[in-house]
Amino acid sequence: MTIRVLLADDQALIRAGFKMILDAEDGLEVAGEASDGKEAVELARSARVDVVLMDIRMPHMDGLEATRRICADDHLAGVRVLVLTTFENDDNVVLALQAGASGFLGKNVAPADLVTAIRVVAGGEALLSPRATQGLVGRFLDQLRPPPAQALAALDVLTDREREVLVLVAHGLSNDDIAARLYVSPLTAKTHVNRAMAKLNARDRAQLVVLAYQSGLVRPGDPLP
């Protein structure tokens with residue numbers, strides 16, 4: 001199945017570069033280009049896209065607001081937003097994850113990594129660049145999250161095993177890594193992750209990471225259990 005991609009960036013040269021890369025790949029198609037956030041939201045609705053490559057800093061409506069609107073639209077439930085930024089340590093990255101983005105990459109990403117990232121998020125997985133450490137995500141979410149007592153109560157719907165899996169997801173482990181650590185099959189690990197997402201109304205793994213930090217279940221600097 002072809003993955004339809006929307007390029008949202010106010011710099012035409014960057015859009016042209018990404019388009020050249022993606023058009024050369026089998027199974028990927030650039031379905032539209034937007035030069036600002038408002039246009040990105042409109043095209044996401046009209047062009048039937050699967051993934052939006054979203055710049056944060058754009059005129060008229062920035063990428064954060066555009067991401068928020070796309071991810072809050074029930075008619076766009078299958079659309080995934082992958083944020084592209086020049087500054088991977090910017091707190092806007094975490095705000096983008098809170099808005100519903102499935103992950104982010106630096107604009108200097110290698111072509112092969114960009115293609116892989118699009119395929120990963122289109123499949124419903126989260127994608128955080130190698131420089132998106134738990135310290136980065138956790139530090140900003142620690143400042144932004146609601147009181148732990150309130151947020152932790154939201155996790156009461158999870159079983160003990162699902163909470164355990166949520167901690168491992170927040171530390172960046174894949175389904176295969178979780179399976180090996182818990183001595184279960186990758187399919188069982190994936191089932192636990194999917195159930196946690198369903199119970200917490202999370203769009204994907206990126207939102208599970210956000211919820212884990214917001215609730216205080218995982219804190220900056222926590223070692224891998």
# chains A, B, ... in the order shown; residues from 1 in each chain; ligands from 1

call {"tool": "select_by_dssp", "arguments": {"residues": "range 8-225 of chain A", "states": "strand (DSSP E)", "output": "list in words"}}
result
Ala8, Leu28, Glu29, Val30, Ala31, Gly32, Glu33, Ala34, Val51, Val52, Leu53, Met54, Asp55, Arg80, Val81, Leu82, Val83, Leu84, Thr85, Gly103, Phe104, Leu105, Gly106, Leu127 and Leu128 of chain A

call {"tool": "residues_around", "arguments": {"residues": "Ser35 in chain A", "least_positions_apart": "2", "cutoff": "6 Å", "atoms": "only C-alpha atoms", "output": "ChimeraX atom specification"}}
result
/A:8-10

call {"tool": "closest_residue", "arguments": {"among": "A:Asp55, A:Asp113, A:Glu65, A:Glu29", "to": "Val41 in chain A", "atoms": "only C-alpha atoms"}}
result
A:Glu65

call {"tool": "residues_around", "arguments": {"residues": "Gly17 in chain A", "least_positions_apart": "3", "cutoff": "12 Å", "atoms": "only C-alpha atoms", "output": "list of chain:residue names"}}
result
A:Leu7, A:Asp9, A:Gln11, A:Ala12, A:Leu13, A:Ile14, A:Met20, A:Ile21, A:Leu22, A:Asp23, A:Ala24, A:Val30, A:Lys107, A:Asn108, A:Val109, A:Ala110, A:Pro111, A:Leu114

call {"tool": "write_last_selection", "arguments": {"atoms": "all heavy atoms", "output": "compact mmCIF listing (two decimals), in the first residue's frame"}}
result
# COMPACT_ATOMS: atom_id res chain seq x y z
N LEU A 7 3.98 17.37 2.85
CA LEU A 7 5.15 18.14 3.28
C LEU A 7 4.69 19.52 3.74
O LEU A 7 4.13 20.27 2.94
CB LEU A 7 6.15 18.27 2.14
CG LEU A 7 6.63 16.97 1.49
CD1 LEU A 7 7.56 17.28 0.32
CD2 LEU A 7 7.32 16.08 2.51
N ASP A 9 6.22 22.85 5.25
CA ASP A 9 7.40 23.65 5.60
C ASP A 9 7.33 24.95 4.81
O ASP A 9 6.95 24.94 3.64
CB ASP A 9 8.69 22.88 5.26
CG ASP A 9 9.91 23.48 5.92
OD1 ASP A 9 10.25 24.65 5.61
OD2 ASP A 9 10.53 22.80 6.75
N GLN A 11 9.75 26.70 3.78
CA GLN A 11 10.88 26.86 2.87
C GLN A 11 10.72 25.92 1.68
O GLN A 11 10.79 24.70 1.82
CB GLN A 11 12.19 26.56 3.60
CG GLN A 11 12.46 27.53 4.76
CD GLN A 11 13.81 27.29 5.39
OE1 GLN A 11 14.83 27.23 4.71
NE2 GLN A 11 13.81 27.15 6.71
N ALA A 12 10.52 26.51 0.51
CA ALA A 12 10.28 25.72 -0.70
C ALA A 12 11.46 24.80 -1.03
O ALA A 12 11.26 23.69 -1.53
CB ALA A 12 10.01 26.66 -1.88
N LEU A 13 12.67 25.24 -0.73
CA LEU A 13 13.85 24.44 -1.05
C LEU A 13 13.87 23.16 -0.22
O LEU A 13 14.23 22.09 -0.73
CB LEU A 13 15.12 25.26 -0.78
CG LEU A 13 16.44 24.63 -1.23
CD1 LEU A 13 16.42 24.37 -2.74
CD2 LEU A 13 17.61 25.53 -0.85
N ILE A 14 13.46 23.27 1.05
CA ILE A 14 13.43 22.07 1.90
C ILE A 14 12.35 21.11 1.41
O ILE A 14 12.56 19.90 1.32
CB ILE A 14 13.18 22.48 3.36
CG1 ILE A 14 14.43 23.15 3.93
CG2 ILE A 14 12.81 21.25 4.21
CD1 ILE A 14 14.31 23.62 5.35
N MET A 20 12.06 15.14 -3.58
CA MET A 20 12.94 14.39 -4.44
C MET A 20 13.32 13.05 -3.81
O MET A 20 13.33 12.01 -4.48
CB MET A 20 14.21 15.20 -4.73
CG MET A 20 15.18 14.52 -5.68
SD MET A 20 16.60 15.58 -6.07
CE MET A 20 17.34 15.75 -4.43
N ILE A 21 13.56 13.08 -2.50
CA ILE A 21 13.92 11.85 -1.78
C ILE A 21 12.75 10.87 -1.77
O ILE A 21 12.91 9.68 -2.08
CB ILE A 21 14.35 12.18 -0.34
CG1 ILE A 21 15.66 12.96 -0.33
CG2 ILE A 21 14.49 10.90 0.49
CD1 ILE A 21 16.02 13.56 1.02
N LEU A 22 11.57 11.36 -1.43
CA LEU A 22 10.43 10.48 -1.25
C LEU A 22 9.88 9.96 -2.57
O LEU A 22 9.44 8.80 -2.65
CB LEU A 22 9.32 11.21 -0.47
CG LEU A 22 9.72 11.71 0.92
CD1 LEU A 22 8.53 12.34 1.62
CD2 LEU A 22 10.28 10.58 1.76
N ASP A 23 9.91 10.79 -3.61
CA ASP A 23 9.40 10.35 -4.91
C ASP A 23 10.25 9.23 -5.51
O ASP A 23 9.79 8.50 -6.39
CB ASP A 23 9.33 11.52 -5.88
CG ASP A 23 8.12 12.41 -5.64
OD1 ASP A 23 7.20 11.98 -4.91
OD2 ASP A 23 8.08 13.53 -6.18
N ALA A 24 11.48 9.10 -5.02
CA ALA A 24 12.37 8.05 -5.55
C ALA A 24 12.15 6.71 -4.84
O ALA A 24 12.75 5.71 -5.23
CB ALA A 24 13.82 8.49 -5.39
N VAL A 30 4.33 11.77 -2.44
CA VAL A 30 4.07 13.11 -1.90
C VAL A 30 2.71 13.55 -2.43
O VAL A 30 2.53 13.81 -3.61
CB VAL A 30 5.16 14.10 -2.32
CG1 VAL A 30 4.79 15.51 -1.85
CG2 VAL A 30 6.50 13.69 -1.72
N LYS A 107 16.15 18.25 10.90
CA LYS A 107 16.07 18.49 9.45
C LYS A 107 17.32 18.01 8.72
O LYS A 107 17.32 17.90 7.49
CB LYS A 107 15.86 19.99 9.17
CG LYS A 107 14.44 20.44 9.45
CD LYS A 107 14.22 21.85 8.94
CE LYS A 107 12.79 22.30 9.13
NZ LYS A 107 12.54 23.67 8.64
N ASN A 108 18.38 17.70 9.45
CA ASN A 108 19.59 17.18 8.82
C ASN A 108 19.57 15.66 8.75
O ASN A 108 20.61 15.03 8.55
CB ASN A 108 20.83 17.66 9.59
CG ASN A 108 20.83 17.18 11.04
OD1 ASN A 108 19.81 16.69 11.55
ND2 ASN A 108 21.96 17.33 11.71
N VAL A 109 18.40 15.07 8.90
CA VAL A 109 18.28 13.62 8.89
C VAL A 109 18.76 13.05 7.55
O VAL A 109 18.56 13.66 6.49
CB VAL A 109 16.82 13.21 9.16
CG1 VAL A 109 15.88 13.75 8.07
CG2 VAL A 109 16.68 11.70 9.27
N ALA A 110 19.40 11.90 7.59
CA ALA A 110 19.85 11.23 6.38
C ALA A 110 18.63 10.74 5.59
O ALA A 110 17.62 10.36 6.19
CB ALA A 110 20.76 10.05 6.72
N PRO A 111 18.70 10.76 4.27
CA PRO A 111 17.56 10.32 3.46
C PRO A 111 17.01 8.96 3.84
O PRO A 111 15.79 8.77 3.94
CB PRO A 111 18.13 10.32 2.04
CG PRO A 111 19.18 11.38 2.07
CD PRO A 111 19.80 11.27 3.43
N LEU A 114 15.04 9.21 7.02
CA LEU A 114 13.76 9.89 6.80
C LEU A 114 12.72 8.91 6.26
O LEU A 114 11.59 8.86 6.73
CB LEU A 114 13.95 11.04 5.82
CG LEU A 114 12.66 11.77 5.39
CD1 LEU A 114 12.01 12.46 6.57
CD2 LEU A 114 12.95 12.77 4.28

call {"tool": "residues_around", "arguments": {"residues": "Arg4 in chain A", "least_positions_apart": "6", "cutoff": "7 Å", "atoms": "only C-alpha atoms", "output": "JSON, numbers by chain"}}
result
{"A": [28, 29, 30, 31, 49, 50, 51]}

call {"tool": "atom_distance", "arguments": {"atom1": "CA of Ile118 in chain A", "atom2": "CA of Leu64 in chain A"}}
result
18.8 Å

call {"tool": "closest_residue", "arguments": {"among": "A:Leu105, A:Leu182, A:Leu211, A:Arg119", "to": "Thr2 in chain A", "atoms": "only C-alpha atoms"}}
result
A:Arg119

call {"tool": "residues_around", "arguments": {"residues": "Leu76 in chain A", "least_positions_apart": "4", "cutoff": "7 Å", "atoms": "only C-alpha atoms", "output": "number ranges by chain"}}
result
A: 45, 70-71

call {"tool": "select_by_dssp", "arguments": {"residues": "range 2-225 of chain A", "states": "helix (DSSP H, G or I)", "output": "ChimeraX atom specification"}}
result
/A:12-23,37-46,63-72,74-76,91-99,111-122,134-144,148-157,160-170,175-182,186-200,205-215
